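*Asks:* Quick one, coords_14.txt (compact mmCIF, C-alpha atoms):
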# COMPACT_ATOMS: atom_id res chain seq x y z
CA MET A 1 -31.30 -13.97 11.33
CA VAL A 2 -29.27 -12.14 8.72
CA ASP A 3 -28.44 -8.50 9.38
CA LEU A 4 -30.36 -6.30 6.94
CA SER A 5 -29.76 -2.86 8.36
CA VAL A 6 -29.39 -0.18 5.71
CA GLU A 7 -26.25 1.93 5.79
CA LEU A 8 -26.29 4.91 3.46
CA THR A 9 -22.77 5.79 2.36
CA ASP A 10 -23.07 8.26 -0.52
CA VAL A 11 -25.65 10.45 -2.30
CA ARG A 12 -24.55 12.62 -5.19
CA ASP A 13 -25.75 14.11 -8.44
CA TYR A 14 -24.81 12.02 -11.45
CA THR A 15 -24.96 13.74 -14.81
CA VAL A 16 -24.52 12.02 -18.16
CA PRO A 17 -24.77 13.61 -21.62
CA GLN A 18 -27.52 12.39 -23.86
CA ARG A 19 -27.13 11.74 -27.56
CA ASP A 20 -29.41 14.66 -28.35
CA GLY A 21 -26.99 17.06 -26.70
CA THR A 22 -28.86 17.45 -23.46
CA PHE A 23 -27.76 16.33 -20.02
CA LEU A 24 -29.56 13.93 -17.73
CA THR A 25 -28.98 14.48 -14.02
CA GLN A 26 -29.97 11.84 -11.49
CA LYS A 27 -29.39 11.15 -7.83
CA ARG A 28 -26.93 8.30 -7.37
CA VAL A 29 -27.35 6.63 -4.00
CA THR A 30 -24.83 4.15 -2.65
CA PHE A 31 -25.70 2.02 0.35
CA TYR A 32 -25.11 -1.31 2.05
CA ILE A 33 -27.68 -3.72 3.45
CA GLY A 34 -26.02 -5.58 6.26
CA LYS A 35 -22.80 -7.04 4.86
CA PHE A 36 -24.11 -6.99 1.30
CA GLY A 37 -23.35 -4.37 -1.25
CA PRO A 38 -22.53 -1.84 -2.31
CA PHE A 39 -25.91 -1.18 -3.89
CA HIS A 40 -26.18 1.66 -6.37
CA GLU A 41 -29.58 3.07 -7.22
CA TYR A 42 -30.45 6.00 -9.46
CA PHE A 43 -33.42 8.29 -8.87
CA PRO A 44 -34.85 11.21 -10.84
CA VAL A 45 -33.79 14.38 -9.12
CA ASP A 46 -37.33 15.66 -8.62
CA ALA A 47 -38.59 12.29 -7.37
CA PHE A 48 -35.86 11.51 -4.88
CA ASN A 49 -37.07 11.41 -1.32
CA GLU A 50 -36.90 9.13 1.68
CA LEU A 51 -40.01 7.18 0.74
CA ALA A 52 -38.73 6.39 -2.75
CA PHE A 53 -35.42 5.23 -1.36
CA ARG A 54 -37.06 3.15 1.33
CA GLN A 55 -39.27 1.38 -1.23
CA ARG A 56 -36.27 0.23 -3.23
CA ALA A 57 -34.30 -0.70 -0.14
CA ASP A 58 -37.22 -2.74 1.18
CA ALA A 59 -37.54 -4.55 -2.14
CA LEU A 60 -33.87 -5.48 -2.00
CA LYS A 61 -34.15 -6.54 1.64
CA GLN A 62 -37.03 -8.86 0.78
CA GLN A 63 -34.93 -10.56 -1.87
CA LEU A 64 -31.96 -10.87 0.48
CA GLU A 65 -34.21 -12.49 3.06
CA ALA A 66 -35.51 -14.93 0.45
CA ILE A 67 -31.97 -15.76 -0.67
CA HIS A 68 -30.86 -16.55 2.90
CA ARG A 69 -34.02 -18.35 3.98
CA MET B 70 -14.55 0.32 -10.34
CA THR B 71 -17.06 -0.64 -7.70
CA PRO B 72 -16.62 -3.86 -5.73
CA PHE B 73 -18.51 -6.85 -7.05
CA ASP B 74 -21.00 -8.57 -4.77
CA PRO B 75 -22.86 -11.42 -6.49
CA ILE B 76 -25.47 -11.54 -3.74
CA ALA B 77 -26.24 -7.84 -4.21
CA LEU B 78 -26.44 -8.35 -7.98
CA LEU B 79 -28.82 -11.31 -7.55
CA ALA B 80 -31.03 -9.38 -5.11
CA MET B 81 -31.17 -6.45 -7.52
CA LEU B 82 -32.12 -8.66 -10.47
CA GLN B 83 -34.83 -10.44 -8.49
CA ALA B 84 -36.22 -7.18 -7.09
CA PHE B 85 -36.37 -5.03 -10.21
CA TYR B 86 -36.40 -7.44 -13.17
CA PRO B 87 -39.18 -9.96 -12.66
CA ILE B 88 -39.03 -11.11 -16.27
CA VAL B 89 -35.99 -13.37 -16.46
CA GLY B 90 -33.99 -13.63 -19.63
CA PRO B 91 -30.97 -12.41 -21.54
CA ALA B 92 -32.83 -9.30 -22.67
CA ALA B 93 -33.62 -8.34 -19.07
CA LEU B 94 -30.02 -9.02 -18.14
CA ALA B 95 -28.78 -6.73 -20.89
CA ARG B 96 -31.24 -4.07 -19.78
CA ALA B 97 -30.09 -4.35 -16.18
CA ARG B 98 -26.49 -4.11 -17.35
CA THR B 99 -27.35 -0.83 -19.06
CA GLU B 100 -29.56 0.68 -16.37
CA ARG B 101 -27.54 -0.41 -13.34
CA PRO B 102 -23.97 -0.89 -14.52
CA ASP B 103 -22.49 -0.45 -11.05
CA TYR B 104 -23.76 -3.82 -9.86
CA PHE B 105 -21.82 -5.56 -12.67
CA SER B 106 -18.50 -4.00 -11.70
CA ALA B 107 -17.57 -3.50 -15.37
CA GLY B 108 -18.30 -7.16 -16.13
CA GLN B 109 -19.16 -8.00 -19.73
CA ILE B 110 -22.05 -10.18 -20.79
CA ILE B 111 -20.83 -13.31 -22.49
CA GLY B 112 -22.17 -16.74 -23.38
CA THR B 113 -24.03 -18.07 -26.34
CA SER B 114 -27.29 -17.06 -24.71
CA GLY B 115 -25.99 -13.93 -23.04
CA ASP B 116 -26.60 -15.34 -19.59
CA LYS B 117 -23.14 -14.93 -18.09
CA ILE B 118 -20.83 -12.11 -17.20
CA ARG B 119 -17.06 -12.07 -17.10
CA LEU B 120 -15.42 -9.73 -14.67
CA ALA B 121 -12.20 -7.87 -15.23
CA ASP B 122 -10.32 -10.39 -13.08
CA GLY B 123 -11.47 -13.25 -15.32
CA ARG B 124 -14.14 -14.70 -13.08
CA ILE B 125 -17.30 -15.82 -14.86
CA PHE B 126 -20.73 -15.86 -13.21
CA ASP B 127 -23.76 -17.64 -14.62
CA LEU B 128 -26.76 -15.39 -13.89
CA ILE B 129 -29.66 -17.26 -15.51
CA PHE B 130 -30.74 -20.80 -14.66
CA ASP B 131 -32.37 -22.78 -17.47
CA THR B 132 -32.13 -19.95 -19.99
CA ASN B 133 -35.25 -19.71 -22.13
CA GLY B 134 -36.55 -22.88 -20.47
CA PRO B 135 -39.63 -23.53 -18.33
CA ASN B 136 -37.80 -23.14 -15.00
CA THR B 137 -35.79 -20.08 -15.78
CA ARG B 138 -34.79 -17.88 -12.86
CA TRP B 139 -32.03 -15.57 -11.71
CA GLN B 140 -28.96 -17.01 -10.07
CA ALA B 141 -25.37 -15.96 -9.36
CA ILE B 142 -23.03 -18.92 -9.55
CA GLU B 143 -19.33 -18.63 -10.21
CA VAL B 144 -18.52 -21.14 -12.93
CA GLY B 145 -14.78 -20.53 -13.13
CA THR B 146 -12.31 -18.16 -14.60
CA GLY B 147 -12.78 -19.18 -18.21
CA PRO B 148 -10.29 -18.60 -20.97
CA GLY B 149 -10.07 -14.92 -20.13
CA ALA B 150 -7.60 -15.54 -17.35
CA ASP B 151 -5.10 -17.07 -19.74
CA ILE B 152 -5.09 -14.16 -22.14
CA ASP B 153 -1.84 -12.26 -22.09
CA ASP B 154 -2.38 -9.01 -20.26
CA PRO B 155 -0.66 -6.18 -22.15
CA PHE B 156 -0.66 -4.14 -18.94
CA ALA B 157 0.63 -6.84 -16.65
CA LEU B 158 2.70 -5.60 -13.75
CA GLU B 159 6.37 -6.39 -13.57
CA ALA B 160 7.86 -8.16 -10.62
CA GLY B 161 8.77 -5.56 -8.03
CA PRO B 162 11.81 -5.33 -5.79
CA ILE B 163 9.83 -6.15 -2.69
CA VAL B 164 9.47 -9.84 -1.96
CA PRO B 165 7.70 -11.58 0.92
CA ILE B 166 9.79 -12.02 4.00
CA ASP B 167 11.19 -15.50 4.53
CA LEU B 168 10.17 -16.16 8.10
CA SER B 169 12.45 -19.19 8.31
CA ALA B 170 15.41 -16.80 8.22
CA PHE B 171 14.56 -15.68 11.74
CA VAL B 172 16.18 -18.13 14.13
CA PRO B 173 14.55 -18.05 17.52
CA PRO B 174 16.95 -17.17 20.37
CA ALA B 175 18.42 -20.02 22.38
CA ALA B 176 16.55 -20.90 25.50
CA ARG B 177 18.08 -19.39 28.64
CA PRO B 178 18.90 -21.59 31.60
CA PRO B 179 16.23 -21.34 34.24
CA VAL B 180 16.90 -18.71 36.90
CA PHE B 181 13.99 -18.72 39.28
CA VAL B 182 13.45 -22.45 39.55
CA PRO B 183 16.76 -23.13 41.39
CA LEU B 184 16.18 -20.12 43.65
CA VAL B 185 12.73 -21.28 44.62
CA ALA B 186 13.89 -24.85 45.09
CA GLY B 187 16.70 -23.72 47.42
CA ALA B 188 14.36 -21.55 49.43
CA PHE B 189 11.98 -24.44 49.83
CA GLY B 190 14.86 -26.65 51.03
CA GLU B 191 15.74 -24.14 53.75
CA LEU B 192 12.13 -23.87 54.79
CA GLY B 193 12.05 -27.66 55.18
CA ALA B 194 14.45 -27.35 58.18
CA ALA B 195 12.30 -24.58 59.62
CA ASP B 196 9.34 -26.91 59.45
CA VAL B 197 11.06 -29.27 61.87
CA ILE B 198 11.66 -26.41 64.34
CA LEU B 199 8.08 -25.22 64.05
CA GLY B 200 6.85 -28.77 64.59
CA ASN B 201 8.87 -29.12 67.78
CA ALA B 202 7.64 -25.77 69.07
CA ALA B 203 4.08 -26.72 68.36
CA SER B 204 4.50 -30.00 70.23
CA ASP B 205 6.01 -28.14 73.21
CA VAL B 206 3.10 -25.77 73.30
CA ALA B 207 0.66 -28.63 73.17
CA HIS B 208 2.57 -30.49 75.89
CA ASN B 209 2.67 -27.50 78.24
CA SER B 210 -0.84 -26.34 77.77
CA ASP B 211 -2.05 -27.96 81.03
CA LYS B 212 -4.05 -25.36 83.00
CA GLY B 213 -3.74 -27.14 86.36
CA PRO B 214 -1.09 -24.80 87.91
CA LEU B 215 -3.06 -21.75 86.90
CA LEU B 216 -6.19 -23.09 88.55
CA ASP B 217 -4.24 -23.87 91.72
CA ASP B 218 -2.89 -20.33 91.89
CA TRP B 219 -6.38 -18.93 91.35
CA ALA B 220 -7.84 -21.02 94.18
CA ARG B 221 -5.02 -20.03 96.51
CA LEU B 222 -4.99 -16.30 95.85
CA MET B 223 -8.26 -15.15 94.37
CA ASP B 224 -10.93 -17.31 96.00
CA PRO B 225 -10.24 -16.02 99.61
CA ALA B 226 -10.27 -12.45 98.36
CA ILE B 227 -13.62 -12.96 96.68
CA GLU B 228 -15.07 -14.50 99.86
CA ARG B 229 -13.75 -11.65 102.03
CA LEU B 230 -15.16 -9.01 99.70
CA ALA B 231 -18.55 -10.69 99.89
CA ALA B 232 -18.41 -10.84 103.73
CA GLU B 233 -17.64 -7.11 103.96
CA GLY B 234 -20.57 -6.40 101.69
CA PHE B 235 -22.88 -8.35 103.95
CA ALA B 236 -21.53 -6.49 107.03
CA LEU B 237 -22.18 -3.13 105.42
CA ASP B 238 -25.69 -4.19 104.57
CA ALA B 239 -26.35 -5.26 108.19
CA ALA B 240 -24.93 -2.07 109.85
CA ASP B 241 -27.51 0.30 111.51
CA PRO B 242 -26.51 4.02 111.42
CA THR B 243 -29.45 5.13 113.67
CA ALA B 244 -27.33 5.96 116.75
CA GLU B 245 -24.90 8.10 114.75
CA LEU B 246 -27.82 9.98 113.18
CA ILE B 247 -29.32 10.80 116.61
CA VAL B 248 -26.04 12.25 117.86
CA LEU B 249 -25.70 14.35 114.73
CA ALA B 250 -29.22 15.74 115.13
CA GLY B 251 -28.25 17.44 118.45
CA GLN B 252 -25.26 19.28 116.96
CA SER B 253 -25.28 22.66 115.24
CA SER B 254 -24.27 22.77 111.66
CA ALA B 255 -22.71 26.30 112.02
CA ALA B 256 -19.97 27.85 114.20
CA ASP B 257 -21.16 30.53 116.82
CA VAL B 258 -18.88 33.56 116.50
CA ASN B 259 -20.50 35.47 119.49
CA GLY B 260 -20.47 32.68 122.04
CA ALA B 261 -17.61 34.28 124.19
CA GLU B 262 -15.86 37.65 124.75
CA PHE B 263 -12.65 38.42 122.84
CA GLY B 264 -10.03 37.80 125.52
CA GLU B 265 -6.72 38.23 123.71
CA ALA B 266 -4.36 41.09 124.66
CA PRO B 267 -4.12 43.93 122.18
CA PRO B 268 -0.96 44.10 120.08
CA PRO B 269 1.87 46.35 121.36
CA GLU B 270 2.17 49.93 120.14
CA ILE B 271 4.87 50.42 117.51
In structure tokens, how does this file's structure come out?
*Replies:*
Amino acid sequence: MVDLSVELTDVRDYTVPQRDGTFLTQKRVTFYIGKFGPFHEYFPVDAFNELAFRQRADALKQQLEAIHR
Amino acid sequence: MTPFDPIALLAMLQAFYPIVGPAALARARTERPDYFSAGQIIGTSGDKIRLADGRIFDLIFDTNGPNTRWQAIEVGTGPGADIDDPFALEAGPIVPIDLSAFVPPAARPPVFVPLVAGAFGELGAADVILGNAASDVAHNSDKGPLLDDWARLMDPAIERLAAEGFALDAADPTAELIVLAGQSSAADVNGAEFGEAPPPEI
């Protein structure tokens, strides 16, 4: 059984300038799943919550399970 | 630059890019550049990436074919590793330590083994003495004299003690009790006149 525990290591705002002169700010989340990673996922600032993060982490965990099956 | 984990990259591609192909790979490279660790997409079909250290990973199996799927297989270092690096590091003054230069110290002559051997030799003579003492004890362990002394000294005393016990049991104190019943238990201070002469006058 492969270890798929999620370890959150960093959450920070990540701002990049757009070509139209505006700025796009996102939440940049860095985490590990077991020994795999780091994983880097970006979320809209107003849509970042625990459920959204867990959905992406679960999707990655399912693929890791399939890879090691 | 973030560390490169091909398993994490493969899991990400399978989870979020169900349509497999060079276009999806390019899109993933743009949307999630951290997973690629600054690797550049190469290949005639755009199905491989080359990392900064020269390693090349093939990310699409059977590109544009019927069995296409994501994969992450290292296929070598490619020609990129042979390119002259304009920022190559010079050889530094620090070199690995030559461990063969350290000669192990010569083995010391044994110290405790001769001491222990000598002590055991001396104890061997003591074993003979202990063996003789043990044989003497075994030889003189006859209890006959002790039993003879017991029969001579203790048995008559035990018989005499028992005879005195029987005599005490058989004694009848009735006569002594009758005599005692006729006697007063207190002294009579008025039984006779005071007959002593008075003391002389001083």
*Asks:* Tell me, counting all atoms listed in the file, for each residue of chain A within 6 Å of chain B, which pair of atoms is nearest and how far apart they are in Å to one decimal, in rows ordered by chain and increasing number, as CSV.
*Replies:*
residue,atom,partner,partner_atom,distance
A:Phe36,CA,B:Ala77,CA,6.0
A:Gly37,CA,B:Ala77,CA,5.4
A:Ala59,CA,B:Ala84,CA,5.8
A:Leu60,CA,B:Ala80,CA,5.7
A:Gln63,CA,B:Ala80,CA,5.2
A:Leu64,CA,B:Ala80,CA,5.9
*Asks:* Once 8 Å is added on each side, what centre and edge lengths in Å to one decimal does the axis-aligned box around all listed atoms of region 40-43 of chain A have, as lines of an AutoDock Vina configuration file?
*Replies:*
center_x = -29.8
center_y = 5.0
center_z = -7.9
size_x = 23.2
size_y = 22.6
size_z = 19.1
*Asks:* If I take CA of Gln26 (chain A) and CA of His40 (chain A), how far is one from the other in Å, to one decimal?
*Replies:*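 Separation between CA of Gln26 (chain A) and CA of His40 (chain A): 12.0 Å.
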*Asks:* So the first atom is CA of Ala194 (chain B) and the second is CA of Ala207 (chain B); what is the distance between them in Å, to one decimal place?
*Replies:*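 Interatomic distance here is 20.4 Å.
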*Asks:* When you draw a straight line from CA of Asp116 (chain B) to CA of Gly134 (chain B), how long is it in Å?
*Replies:*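 Separation of CA of Asp116 (chain B) and CA of Gly134 (chain B): 12.5 Å.
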*Asks:* Quick one: everything within 12 Å of Asp46 (chain A), counting all atoms listed in the file, minus sequence neighbours fewer than 2 positions away in the same chain. Send it as a count of residues only.
*Replies:* 10
